[in-house]
$ cat start_8.txt   # compact mmCIF, C-alpha atoms (C1' of nucleotides)
# COMPACT_ATOMS: atom_id res chain seq x y z
CA MET A 1 -46.18 3.29 60.38
CA GLU A 2 -43.75 1.42 62.60
CA ASN A 3 -40.73 3.05 61.02
CA PHE A 4 -42.03 6.55 61.53
CA GLN A 5 -43.05 5.97 65.12
CA SER A 6 -39.80 4.35 66.04
CA PHE A 7 -37.93 7.19 64.32
CA LEU A 8 -39.75 9.71 66.50
CA ALA A 9 -39.17 7.65 69.62
CA ALA A 10 -35.50 7.08 68.87
CA ASN A 11 -34.57 10.65 68.02
CA PHE A 12 -36.71 12.91 70.14
CA GLU A 13 -38.21 12.88 73.57
CA PHE A 14 -41.82 13.52 72.73
CA ASN A 15 -44.38 12.39 75.29
CA PRO A 16 -47.35 10.28 74.16
CA GLU A 17 -49.60 13.31 73.81
CA GLU A 18 -47.07 15.20 71.68
CA THR A 19 -46.47 12.12 69.60
CA GLN A 20 -50.17 11.85 68.92
CA GLN A 21 -50.40 15.51 67.93
CA ILE A 22 -47.52 15.04 65.55
CA LEU A 23 -48.91 11.90 64.01
CA ASN A 24 -52.25 13.64 63.47
CA CYS A 25 -50.62 16.32 61.36
CA PHE A 26 -48.84 13.98 59.02
CA GLU A 27 -50.70 12.35 56.19
CA LYS A 28 -50.01 8.96 54.77
CA LYS A 29 -49.53 8.70 51.04
CA THR A 30 -48.56 5.90 48.71
CA LEU A 31 -46.64 6.51 45.51
CA LYS A 32 -46.35 3.99 42.71
CA LYS A 33 -43.01 3.22 41.14
CA GLY A 34 -42.16 6.08 38.80
CA ALA A 35 -44.49 8.61 40.49
CA TYR A 36 -43.09 11.99 41.41
CA PHE A 37 -42.86 13.43 44.89
CA LEU A 38 -41.65 16.67 43.31
CA THR A 39 -40.78 17.79 39.79
CA GLU A 40 -38.26 20.31 38.55
CA GLY A 41 -39.74 23.82 38.58
CA GLN A 42 -42.32 23.09 41.27
CA TYR A 43 -42.27 24.90 44.57
CA CYS A 44 -41.58 22.36 47.28
CA LYS A 45 -44.06 22.84 50.10
CA THR A 46 -43.74 19.60 51.98
CA VAL A 47 -41.46 17.40 53.98
CA ALA A 48 -41.94 13.66 54.11
CA PHE A 49 -40.67 10.66 55.99
CA VAL A 50 -40.05 7.53 53.94
CA GLU A 51 -41.86 4.69 55.66
CA LYS A 52 -41.36 2.11 52.93
CA GLY A 53 -39.72 2.07 49.52
CA GLY A 54 -37.22 4.47 48.01
CA PHE A 55 -36.70 7.60 45.97
CA PHE A 56 -34.03 9.22 43.84
CA PHE A 57 -33.24 12.87 43.24
CA TYR A 58 -32.15 13.96 39.81
CA GLN A 59 -31.71 16.84 37.45
CA LEU A 60 -32.26 16.64 33.70
CA MET A 61 -29.10 17.72 31.85
CA ASP A 62 -28.52 17.23 28.14
CA GLY A 63 -31.37 14.74 28.11
CA GLU A 64 -29.75 12.65 30.82
CA GLU A 65 -31.02 12.11 34.34
CA LYS A 66 -28.14 13.11 36.60
CA VAL A 67 -28.75 11.44 39.95
CA CYS A 68 -27.55 13.32 43.02
CA ASP A 69 -29.21 11.49 45.88
CA PHE A 70 -31.19 8.49 47.07
CA ALA A 71 -33.54 8.15 50.03
CA PHE A 72 -34.89 4.98 51.59
CA GLU A 73 -36.80 3.88 54.69
CA GLY A 74 -36.00 6.16 57.60
CA ASP A 75 -34.79 9.06 55.46
CA TRP A 76 -36.56 12.36 54.94
CA ILE A 77 -37.33 13.69 51.51
CA SER A 78 -37.78 17.32 50.54
CA GLN A 79 -36.01 19.93 48.47
CA TYR A 80 -34.38 22.05 51.10
CA LYS A 81 -33.46 25.06 48.98
CA SER A 82 -36.89 25.28 47.42
CA LEU A 83 -38.72 24.76 50.70
CA ILE A 84 -36.74 27.25 52.77
CA ASN A 85 -36.31 29.99 50.19
CA ASN A 86 -39.58 29.54 48.37
CA LEU A 87 -37.86 28.98 45.06
CA PRO A 88 -38.69 26.61 42.20
CA SER A 89 -36.96 23.29 42.67
CA GLU A 90 -33.93 22.47 40.56
CA LEU A 91 -34.48 18.77 41.15
CA SER A 92 -37.09 16.10 40.65
CA ILE A 93 -37.77 13.43 43.25
CA LYS A 94 -39.20 10.18 41.93
CA ALA A 95 -40.19 6.84 43.46
CA LEU A 96 -37.87 3.96 42.61
CA VAL A 97 -40.44 1.39 43.72
CA ASP A 98 -43.92 1.46 45.18
CA SER A 99 -43.46 3.57 48.28
CA GLU A 100 -45.17 4.82 51.38
CA ILE A 101 -44.51 8.20 52.99
CA TYR A 102 -45.81 10.37 55.80
CA TRP A 103 -45.90 13.95 54.67
CA LEU A 104 -46.48 17.31 56.21
CA ASP A 105 -46.94 20.56 54.40
CA ALA A 106 -45.20 23.74 55.42
CA THR A 107 -48.25 25.52 56.78
CA ALA A 108 -49.23 22.47 58.82
CA MET A 109 -45.69 22.41 60.14
CA ASP A 110 -45.99 26.03 61.22
CA LYS A 111 -49.23 25.31 63.05
CA LEU A 112 -47.82 22.18 64.59
CA SER A 113 -44.72 23.97 65.79
CA ASP A 114 -46.88 26.48 67.65
CA LYS A 115 -48.33 23.61 69.65
CA VAL A 116 -45.19 21.49 69.87
CA PRO A 117 -42.18 23.76 69.37
CA LYS A 118 -39.81 20.83 69.51
CA VAL A 119 -40.92 19.69 66.06
CA LEU A 120 -38.74 22.39 64.57
CA ILE A 121 -35.96 19.95 65.18
CA ILE A 122 -37.33 17.94 62.28
CA ARG A 123 -36.39 20.76 59.95
CA THR A 124 -32.95 20.86 61.49
CA LYS A 125 -32.60 17.11 61.08
CA LEU A 126 -33.52 17.50 57.45
CA ALA A 127 -30.89 20.16 56.86
CA GLU A 128 -28.26 18.11 58.63
CA GLN A 129 -29.10 14.97 56.70
CA TYR A 130 -28.78 16.74 53.38
CA PHE A 131 -25.71 18.67 54.29
CA THR A 132 -23.90 15.66 55.67
CA GLN A 133 -24.78 13.50 52.69
CA SER A 134 -23.77 15.99 50.04
CA ALA A 135 -20.52 16.87 51.81
CA GLU A 136 -19.65 13.20 52.03
CA ARG A 137 -20.48 12.58 48.38
CA ALA A 138 -18.33 15.55 47.32
CA ASP A 139 -15.50 14.27 49.47
CA LYS A 140 -15.64 10.79 47.94
CA LEU A 141 -15.94 12.15 44.41
CA ALA A 142 -12.87 14.29 44.94
CA THR A 143 -10.63 11.78 46.70
CA LEU A 144 -11.57 8.28 45.58
CA LYS A 145 -11.42 6.62 42.21
CA ALA A 146 -14.57 5.17 40.71
CA GLU A 147 -14.02 1.64 41.98
CA GLU A 148 -13.49 2.86 45.53
CA ARG A 149 -16.57 5.06 45.37
CA TYR A 150 -18.58 2.05 44.26
CA GLN A 151 -17.24 0.03 47.17
CA TRP A 152 -18.11 2.88 49.54
CA LEU A 153 -21.67 2.95 48.23
CA LEU A 154 -21.99 -0.82 48.62
CA ASP A 155 -20.75 -0.57 52.18
CA SER A 156 -23.22 2.14 53.10
CA HIS A 157 -26.14 0.75 51.07
CA PRO A 158 -25.60 -3.00 50.73
CA LYS A 159 -29.01 -3.55 49.15
CA ILE A 160 -28.73 -0.78 46.57
CA HIS A 161 -28.70 -3.18 43.62
CA GLN A 162 -32.03 -4.66 44.60
CA ARG A 163 -33.66 -1.26 44.39
CA VAL A 164 -31.86 0.97 41.94
CA PRO A 165 -31.20 0.43 38.21
CA GLN A 166 -27.48 0.25 37.64
CA TYR A 167 -27.26 3.27 35.38
CA TYR A 168 -28.67 5.43 38.17
CA ILE A 169 -25.97 4.10 40.47
CA ALA A 170 -23.37 4.98 37.85
CA SER A 171 -24.76 8.48 37.54
CA TYR A 172 -24.66 8.96 41.30
CA LEU A 173 -21.03 7.81 41.32
CA GLY A 174 -20.17 10.23 38.53
CA ILE A 175 -19.28 7.61 35.92
CA LYS A 176 -20.82 6.04 32.80
CA PRO A 177 -22.83 2.80 32.97
CA GLN A 178 -20.19 0.98 30.92
CA SER A 179 -17.52 1.93 33.43
CA LEU A 180 -19.57 0.56 36.29
CA SER A 181 -20.04 -2.69 34.38
CA ARG A 182 -16.29 -2.91 33.88
CA ILE A 183 -15.64 -2.28 37.58
CA ARG A 184 -18.10 -4.99 38.57
CA ALA A 185 -16.57 -7.47 36.10
CA VAL A 186 -13.09 -7.13 37.56
CA LYS A 187 -14.03 -7.79 41.18
CA MET B 1 -16.29 46.30 59.89
CA GLU B 2 -17.98 47.66 56.80
CA ASN B 3 -18.47 44.22 55.31
CA PHE B 4 -20.10 42.84 58.39
CA GLN B 5 -22.44 45.79 58.84
CA SER B 6 -23.49 45.83 55.25
CA PHE B 7 -24.06 42.08 55.40
CA LEU B 8 -26.44 42.55 58.33
CA ALA B 9 -28.17 45.44 56.62
CA ALA B 10 -28.53 43.62 53.32
CA ASN B 11 -29.85 40.32 54.65
CA PHE B 12 -31.95 41.10 57.67
CA GLU B 13 -34.23 43.80 58.85
CA PHE B 14 -32.65 44.64 62.16
CA ASN B 15 -33.36 48.08 63.56
CA PRO B 16 -30.43 50.23 64.75
CA GLU B 17 -30.84 49.12 68.34
CA GLU B 18 -30.85 45.44 67.42
CA THR B 19 -27.89 45.97 65.14
CA GLN B 20 -25.98 47.53 67.99
CA GLN B 21 -26.85 44.66 70.33
CA ILE B 22 -25.63 42.21 67.75
CA LEU B 23 -22.42 44.05 67.07
CA ASN B 24 -21.71 44.21 70.80
CA CYS B 25 -21.83 40.44 71.06
CA PHE B 26 -19.37 39.75 68.28
CA GLU B 27 -15.67 40.06 68.87
CA LYS B 28 -13.13 41.14 66.36
CA LYS B 29 -10.12 38.93 65.85
CA THR B 30 -7.22 38.97 63.45
CA LEU B 31 -5.55 35.79 62.30
CA LYS B 32 -2.16 35.69 60.63
CA LYS B 33 -1.64 33.70 57.47
CA GLY B 34 -1.36 30.04 58.44
CA ALA B 35 -3.16 30.46 61.77
CA TYR B 36 -5.99 28.10 62.62
CA PHE B 37 -9.58 29.06 63.23
CA LEU B 38 -10.22 25.43 64.14
CA THR B 39 -8.18 22.24 64.12
CA GLU B 40 -9.23 18.64 63.52
CA GLY B 41 -10.41 17.05 66.74
CA GLN B 42 -11.39 20.32 68.43
CA TYR B 43 -14.97 21.01 69.42
CA CYS B 44 -16.20 23.94 67.35
CA LYS B 45 -17.90 26.45 69.64
CA THR B 46 -17.99 29.53 67.47
CA VAL B 47 -19.34 31.06 64.32
CA ALA B 48 -17.48 33.82 62.53
CA PHE B 49 -18.02 36.28 59.74
CA VAL B 50 -15.06 36.86 57.43
CA GLU B 51 -14.51 40.59 57.24
CA LYS B 52 -11.23 40.46 55.39
CA GLY B 53 -8.98 37.73 54.04
CA GLY B 54 -9.73 34.09 53.40
CA PHE B 55 -9.72 30.58 54.82
CA PHE B 56 -9.64 27.03 53.62
CA PHE B 57 -11.15 23.89 55.09
CA TYR B 58 -9.24 20.65 54.86
CA GLN B 59 -8.83 17.18 56.18
CA LEU B 60 -5.51 15.40 56.54
CA MET B 61 -5.55 12.10 54.61
CA ASP B 62 -2.47 9.99 53.88
CA GLY B 63 -0.32 12.99 54.77
CA GLU B 64 -2.09 15.17 52.21
CA GLU B 65 -4.27 18.17 52.92
CA LYS B 66 -7.54 17.44 51.14
CA VAL B 67 -9.28 20.77 50.62
CA CYS B 68 -13.06 20.72 50.73
CA ASP B 69 -13.98 24.39 50.97
CA PHE B 70 -12.87 28.01 50.84
CA ALA B 71 -14.35 31.07 52.55
CA PHE B 72 -13.65 34.73 51.78
CA GLU B 73 -15.04 38.16 52.66
CA GLY B 74 -18.75 37.95 53.30
CA ASP B 75 -18.77 34.21 54.03
CA TRP B 76 -19.33 32.59 57.39
CA ILE B 77 -16.92 30.08 58.83
CA SER B 78 -17.71 27.35 61.31
CA GLN B 79 -17.85 23.57 61.41
CA TYR B 80 -21.54 22.93 61.30
CA LYS B 81 -21.55 19.27 62.30
CA SER B 82 -19.24 19.87 65.22
CA LEU B 83 -21.07 22.99 66.38
CA ILE B 84 -24.59 21.60 66.21
CA ASN B 85 -23.95 18.09 67.47
CA ASN B 86 -21.17 18.88 69.89
CA LEU B 87 -18.78 16.51 68.19
CA PRO B 88 -15.05 16.80 67.51
CA SER B 89 -14.41 18.45 64.17
CA GLU B 90 -13.31 16.32 61.25
CA LEU B 91 -11.83 19.37 59.54
CA SER B 92 -9.31 22.08 60.13
CA ILE B 93 -9.94 25.68 59.10
CA LYS B 94 -6.83 27.74 58.39
CA ALA B 95 -6.17 31.30 57.25
CA LEU B 96 -4.87 31.59 53.69
CA VAL B 97 -3.69 35.17 54.28
CA ASP B 98 -3.75 37.65 57.15
CA SER B 99 -7.45 37.83 57.96
CA GLU B 100 -9.99 39.61 60.07
CA ILE B 101 -13.12 37.99 61.46
CA TYR B 102 -16.02 38.82 63.76
CA TRP B 103 -16.75 35.85 65.91
CA LEU B 104 -19.43 34.80 68.33
CA ASP B 105 -19.34 31.83 70.62
CA ALA B 106 -22.26 29.49 71.04
CA THR B 107 -23.20 30.58 74.55
CA ALA B 108 -23.10 34.24 73.52
CA MET B 109 -25.32 33.35 70.61
CA ASP B 110 -27.82 31.71 72.96
CA LYS B 111 -27.91 34.83 75.14
CA LEU B 112 -28.14 37.10 72.15
CA SER B 113 -30.99 35.12 70.66
CA ASP B 114 -32.98 35.59 73.87
CA LYS B 115 -32.78 39.33 73.32
CA VAL B 116 -32.98 39.34 69.54
CA PRO B 117 -34.65 36.11 68.44
CA LYS B 118 -34.14 36.97 64.82
CA VAL B 119 -30.42 36.27 65.05
CA LEU B 120 -31.19 32.57 64.90
CA ILE B 121 -31.46 33.20 61.22
CA ILE B 122 -27.69 33.50 61.18
CA ARG B 123 -27.45 29.85 62.07
CA THR B 124 -29.88 29.04 59.31
CA LYS B 125 -27.86 31.10 56.84
CA LEU B 126 -24.80 29.16 57.86
CA ALA B 127 -26.49 25.82 57.26
CA GLU B 128 -27.79 26.96 53.91
CA GLN B 129 -24.45 28.30 52.79
CA TYR B 130 -22.71 25.04 53.59
CA PHE B 131 -25.37 22.82 52.19
CA THR B 132 -25.66 24.75 48.96
CA GLN B 133 -21.91 24.87 48.44
CA SER B 134 -21.28 21.21 49.09
CA ALA B 135 -24.21 20.12 46.94
CA GLU B 136 -22.92 22.24 44.10
CA ARG B 137 -19.38 20.95 44.44
CA ALA B 138 -20.63 17.35 44.42
CA ASP B 139 -22.70 18.08 41.35
CA LYS B 140 -19.75 19.58 39.48
CA LEU B 141 -17.42 16.78 40.53
CA ALA B 142 -19.88 14.20 39.25
CA THR B 143 -20.86 15.81 35.98
CA LEU B 144 -17.96 17.94 34.72
CA LYS B 145 -14.45 17.02 33.67
CA ALA B 146 -11.51 18.64 35.42
CA GLU B 147 -11.04 21.44 32.94
CA GLU B 148 -14.70 22.44 33.16
CA ARG B 149 -14.61 22.35 36.94
CA TYR B 150 -11.62 24.66 36.87
CA GLN B 151 -13.48 27.05 34.59
CA TRP B 152 -16.49 26.94 36.91
CA LEU B 153 -14.27 27.83 39.87
CA LEU B 154 -12.70 30.70 37.95
CA ASP B 155 -16.13 32.01 37.04
CA SER B 156 -17.37 31.93 40.61
CA HIS B 157 -14.09 33.06 42.21
CA PRO B 158 -12.19 35.08 39.62
CA LYS B 159 -9.53 36.16 42.10
CA ILE B 160 -8.84 32.71 43.49
CA HIS B 161 -5.31 32.58 42.10
CA GLN B 162 -4.31 35.69 43.96
CA ARG B 163 -5.18 34.10 47.25
CA VAL B 164 -4.90 30.34 47.11
CA PRO B 165 -1.83 28.24 46.29
CA GLN B 166 -2.48 26.28 43.17
CA TYR B 167 -2.15 22.86 44.74
CA TYR B 168 -5.00 23.70 47.11
CA ILE B 169 -7.11 24.63 44.12
CA ALA B 170 -6.23 21.29 42.53
CA SER B 171 -7.19 19.44 45.68
CA TYR B 172 -10.52 21.25 45.85
CA LEU B 173 -11.17 20.29 42.22
CA GLY B 174 -10.33 16.66 42.95
CA ILE B 175 -7.23 16.47 40.74
CA LYS B 176 -3.44 16.44 41.13
CA PRO B 177 -1.39 19.65 40.92
CA GLN B 178 0.30 18.43 37.74
CA SER B 179 -3.04 17.96 36.07
CA LEU B 180 -4.07 21.49 36.91
CA SER B 181 -0.80 22.79 35.45
CA ARG B 182 -1.51 20.86 32.27
CA ILE B 183 -5.03 22.25 32.05
CA ARG B 184 -3.76 25.78 32.48
CA ALA B 185 -1.07 25.29 29.85
CA VAL B 186 -3.57 24.26 27.19
CA LYS B 187 -5.87 27.25 27.58
C1' DT C 1 22.01 39.36 49.63
C1' DT C 2 22.33 34.01 49.70
C1' DC C 3 20.74 29.62 50.42
C1' DG C 4 17.31 26.32 51.32
C1' DT C 5 12.46 25.32 50.93
C1' DT C 6 8.21 25.52 48.80
C1' DT C 7 5.46 25.80 44.75
C1' DG C 8 4.66 25.39 39.78
C1' DT C 9 5.81 23.36 35.22
C1' DT C 10 7.00 19.92 31.98
C1' DC C 11 7.82 15.32 30.26
C1' DA C 12 7.25 10.28 29.28
C1' DC C 13 4.68 6.68 30.44
C1' DA C 14 0.96 4.13 33.15
C1' DT C 15 -3.68 3.79 34.56
C1' DT C 16 -8.37 5.05 34.58
C1' DT C 17 -12.43 6.41 32.41
C1' DG C 18 -15.13 7.68 28.21
C1' DT C 19 -17.13 6.48 23.59
C1' DG C 20 -19.64 4.11 20.16
C1' DA C 21 -21.10 -0.11 18.62
C1' DA C 22 -22.64 -4.84 18.93
C1' DT C 23 -24.90 -8.36 21.62
C1' DG C 24 -28.06 -10.80 24.61
C1' DG C 25 -31.23 -11.00 28.41
C1' DA C 26 -35.15 -9.26 30.71
C1' DT C 27 -39.40 -6.96 30.78
C1' DG C 28 -43.70 -5.28 29.42
C1' DC C 29 -47.27 -4.74 26.14
C1' DA C 30 -50.25 -5.96 22.09
C1' DT D 1 -47.17 -15.77 21.97
C1' DG D 2 -44.30 -12.49 19.61
C1' DC D 3 -42.30 -8.07 19.35
C1' DA D 4 -40.34 -3.89 20.90
C1' DT D 5 -37.96 -1.53 24.36
C1' DC D 6 -34.89 -1.09 28.02
C1' DC D 7 -30.92 -2.44 30.48
C1' DA D 8 -26.45 -4.60 31.34
C1' DT D 9 -22.30 -6.40 29.35
C1' DT D 10 -18.34 -6.59 26.43
C1' DC D 11 -15.00 -4.92 23.13
C1' DA D 12 -11.55 -1.92 20.75
C1' DC D 13 -9.98 2.37 20.71
C1' DA D 14 -9.73 7.35 22.31
C1' DA D 15 -9.26 10.78 25.76
C1' DA D 16 -8.43 12.27 30.43
C1' DT D 17 -5.95 11.99 34.53
C1' DG D 18 -2.29 9.97 37.60
C1' DT D 19 2.67 9.09 38.61
C1' DG D 20 7.42 9.93 39.39
C1' DA D 21 11.10 12.57 38.13
C1' DA D 22 13.66 16.58 36.80
C1' DC D 23 13.93 21.27 36.77
C1' DA D 24 12.69 26.19 37.25
C1' DA D 25 10.67 29.92 39.63
C1' DA D 26 9.18 32.18 43.75
C1' DC D 27 9.57 32.86 48.49
C1' DG D 28 11.40 33.26 53.21
C1' DA D 29 14.66 33.16 56.75
C1' DA D 30 19.29 34.09 58.21
$ encode --input "start_8.txt" --output "structure tokens"
Amino acid sequence: MENFQSFLAANFEFNPEETQQILNCFEKKTLKKGAYFLTEGQYCKTVAFVEKGGFFFYQLMDGEEKVCDFAFEGDWISQYKSLINNLPSELSIKALVDSEIYWLDATAMDKLSDKVPKVLIIRTKLAEQYFTQSAERADKLATLKAEERYQWLLDSHPKIHQRVPQYYIASYLGIKPQSLSRIRAVK
Amino acid sequence: MENFQSFLAANFEFNPEETQQILNCFEKKTLKKGAYFLTEGQYCKTVAFVEKGGFFFYQLMDGEEKVCDFAFEGDWISQYKSLINNLPSELSIKALVDSEIYWLDATAMDKLSDKVPKVLIIRTKLAEQYFTQSAERADKLATLKAEERYQWLLDSHPKIHQRVPQYYIASYLGIKPQSLSRIRAVK
DNA sequence: TTCGTTTGTTCACATTTGTGAATGGATGCA
DNA sequence: TGCATCCATTCACAAATGTGAACAAACGAA
């Protein structure tokens, strides 16, 4: 749990006692490659910190998995809209590789935040992470051509090819797998 | 202020006294067409409700105004990242037409939320609005072709052409003005 | 009003991306 | 081991979008 502890230490000023209370509320879970953290239609009731491994977020459209996000070590996973508004999720979240998370369900979070009000900042962090990421993706999709978007993704996630099948990368970039192959061949 | 009052009534359960306290903290402001609510580099310190008129959000890149969002009656305007993290804004927010807003600065919001804690939900609403919009725009940019994105925009904002110059619409859709003209000609 | 500026349209041609099919490698399972 | 499936690559051709230019229409300021 080194990643999770150092995340807490780096981002918040919790004292040792608070840190212990927080850690006690989270539960460790391992998910095999291909296992779901959440499936379309489910009500998302939890928030989780990715300790190890990776996940992708997708929606099934016309039989295709349209990828809209990835999350790796140090990221949070959850479906914000479903969690906050108590709605069925429009997305599925699936493990790309064998993964390890620390998760917290919504009622535990409510109890925890009575004891340690500062933990509400975790929810804020989550919202900010998602908002920032989706705004940036929209910006790149609107202003860059496919090759430049691919370069941007490589710059921000240099190891993406070791962890994500290429046709998921293409989907995230808004292009077809053949187009991504072509782009890679030219470089 | 009908829009603002009915927004409060429709979304929250404030009693008349709370409603009055809230209204007292907001200030009315009118902005002429072309006036800025916020400019790139400024620190955003306020949140505002659009009572009348409209705004667009853009970033200057290579001398071009890249439009990433619109806001009309009933929407909130603010630069979330700048407001929450106390950072200089990466975006400018400019009035498309003569507009009327009710605005609240961050310190007034802090005071107000001591008296009426429920107003914090306004900040949450703001985050949700932005997150939902940018996620949806990214999704459409990645999965639809330009003509379909244009149709989607028309469906969600039927009056957009009465209020927004066409080359801003093109920019928002991630295409060139000429391409939007072509798309419109075909239909 | 008149003139200059801004915005929208059209065109021909270039570039980018999609499409469907064929191929070969890798992977996993019987 | 052999076979089937999945994934990445390549190709030729089609479709979508960009580019630069010319022009027209709308708008605003004097």
$ residues_around --input "start_8.txt" --residues "segment 117-120 of chain B" --least-positions-apart "4" --cutoff "9 Å" --atoms "all atoms listed in the file" --output "PyMOL selection string"
chain B and resi 12+14+22+109-110+112-113+124-125
$ write_last_selection --input "start_8.txt" --atoms "C-alpha atoms" --output "mmCIF file, in the coordinates of the input"
data_model
loop_
_atom_site.group_PDB
_atom_site.id
_atom_site.type_symbol
_atom_site.label_atom_id
_atom_site.label_comp_id
_atom_site.auth_asym_id
_atom_site.auth_seq_id
_atom_site.Cartn_x
_atom_site.Cartn_y
_atom_site.Cartn_z
ATOM 1 C CA PHE B 12 -31.950 41.100 57.670
ATOM 2 C CA PHE B 14 -32.650 44.640 62.160
ATOM 3 C CA ILE B 22 -25.630 42.210 67.750
ATOM 4 C CA MET B 109 -25.320 33.350 70.610
ATOM 5 C CA ASP B 110 -27.820 31.710 72.960
ATOM 6 C CA LEU B 112 -28.140 37.100 72.150
ATOM 7 C CA SER B 113 -30.990 35.120 70.660
ATOM 8 C CA THR B 124 -29.880 29.040 59.310
ATOM 9 C CA LYS B 125 -27.860 31.100 56.840
#
$ closest_atom_pairs --input "start_8.txt" --of "chain C" --to "segment 5-10 of chain D" --cutoff "9 Å" --atoms "all atoms listed in the file" --output "Markdown table"
| residue | atom | partner | partner_atom | distance |
| --- | --- | --- | --- | --- |
| C:DA22 | C1' | D:DT10 | C1' | 8.8 |
| C:DT23 | C1' | D:DT10 | C1' | 8.3 |
| C:DG24 | C1' | D:DT9 | C1' | 8.7 |
| C:DG25 | C1' | D:DA8 | C1' | 8.5 |
| C:DA26 | C1' | D:DC7 | C1' | 8.0 |
| C:DT27 | C1' | D:DC6 | C1' | 7.9 |
| C:DG28 | C1' | D:DT5 | C1' | 8.5 |
$ write_last_selection --input "start_8.txt" --atoms "C-alpha atoms (C1' of nucleotides)" --output "compact mmCIF listing (two decimals), in the coordinates of the input"
# COMPACT_ATOMS: atom_id res chain seq x y z
C1' DA C 22 -22.64 -4.84 18.93
C1' DT C 23 -24.90 -8.36 21.62
C1' DG C 24 -28.06 -10.80 24.61
C1' DG C 25 -31.23 -11.00 28.41
C1' DA C 26 -35.15 -9.26 30.71
C1' DT C 27 -39.40 -6.96 30.78
C1' DG C 28 -43.70 -5.28 29.42
$ interface_residues --input "start_8.txt" --of "chain A" --to "chain B" --cutoff "10 Å" --atoms "only C-alpha atoms" --output "short mmCIF file (atom, residue, chain, number, x, y, z; two decimals) with C-alpha atoms, in the frame of the given file"
data_model
loop_
_atom_site.label_atom_id
_atom_site.label_comp_id
_atom_site.auth_asym_id
_atom_site.auth_seq_id
_atom_site.Cartn_x
_atom_site.Cartn_y
_atom_site.Cartn_z
CA GLN A 59 -31.71 16.84 37.45
CA MET A 61 -29.10 17.72 31.85
CA LYS A 66 -28.14 13.11 36.60
CA VAL A 67 -28.75 11.44 39.95
CA CYS A 68 -27.55 13.32 43.02
CA TYR A 80 -34.38 22.05 51.10
CA LYS A 81 -33.46 25.06 48.98
CA ILE A 84 -36.74 27.25 52.77
CA ASN A 85 -36.31 29.99 50.19
CA THR A 124 -32.95 20.86 61.49
CA ALA A 127 -30.89 20.16 56.86
CA GLU A 128 -28.26 18.11 58.63
CA GLN A 129 -29.10 14.97 56.70
CA TYR A 130 -28.78 16.74 53.38
CA PHE A 131 -25.71 18.67 54.29
CA THR A 132 -23.90 15.66 55.67
CA GLN A 133 -24.78 13.50 52.69
CA SER A 134 -23.77 15.99 50.04
CA ALA A 135 -20.52 16.87 51.81
CA GLU A 136 -19.65 13.20 52.03
CA ARG A 137 -20.48 12.58 48.38
CA ALA A 138 -18.33 15.55 47.32
CA ASP A 139 -15.50 14.27 49.47
CA LYS A 140 -15.64 10.79 47.94
CA LEU A 141 -15.94 12.15 44.41
CA ALA A 142 -12.87 14.29 44.94
CA THR A 143 -10.63 11.78 46.70
CA LEU A 144 -11.57 8.28 45.58
CA ALA A 170 -23.37 4.98 37.85
CA SER A 171 -24.76 8.48 37.54
CA TYR A 172 -24.66 8.96 41.30
CA LEU A 173 -21.03 7.81 41.32
CA GLY A 174 -20.17 10.23 38.53
CA ILE A 175 -19.28 7.61 35.92
#
$ closest_residue --input "start_8.txt" --among "D:DC11, D:DA29, D:DA24, D:DT17" --to "DA14 of chain C" --atoms "all atoms listed in the file"
D:DT17
$ interface_residues --input "start_8.txt" --of "chain C" --to "chain A" --cutoff "10 Å" --atoms "all atoms listed in the file" --output "ChimeraX atom specification"
/C:16-19
$ interface_residues --input "start_8.txt" --of "chain A" --to "chain D" --cutoff "9 Å" --atoms "all atoms listed in the file" --output "NGL selection string"
:A and (165-167 or 177-178 or 181-182 or 185)
$ atom_distance --input "start_8.txt" --atom1 "atom CA of Val97 of chain B" --atom2 "atom CA of Lys33 of chain B"
4.1 Å
$ atom_distance --input "start_8.txt" --atom1 "atom CA of Val47 of chain A" --atom2 "atom CA of Ile122 of chain A"
9.3 Å
$ residues_around --input "start_8.txt" --residues "segment 26-31 of chain B" --least-positions-apart "5" --cutoff "6 Å" --atoms "only C-alpha atoms (C1' of nucleotides)" --output "number ranges by chain"
B: 98-104
$ atom_distance --input "start_8.txt" --atom1 "atom CA of Trp76 of chain B" --atom2 "atom CA of Glu2 of chain B"
15.1 Å
$ residues_around --input "start_8.txt" --residues "segment 7-11 of chain B" --least-positions-apart "3" --cutoff "10 Å" --atoms "all atoms listed in the file" --output "ChimeraX atom specification"
/B:1-4,14-16,19,22-23,49,51,74-75,121-122,125
$ axis_aligned_box --input "start_8.txt" --around "segment 42-61 of chain A" --padding-each-side "8 Å" --output "lines of an AutoDock Vina configuration file"
center_x = -36.6
center_y = 13.5
center_z = 43.9
size_x = 31.0
size_y = 38.8
size_z = 40.1
$ closest_residue --input "start_8.txt" --among "A:Asp155, A:Glu90, A:Asp105, A:Glu148" --to "Thr39 of chain A" --atoms "all atoms listed in the file"
A:Glu90
$ residues_around --input "start_8.txt" --residues "Ser89 of chain B" --least-positions-apart "3" --cutoff "7 Å" --atoms "only C-alpha atoms (C1' of nucleotides)" --output "VMD selection string"
chain B and resid 40 to 44 79 82
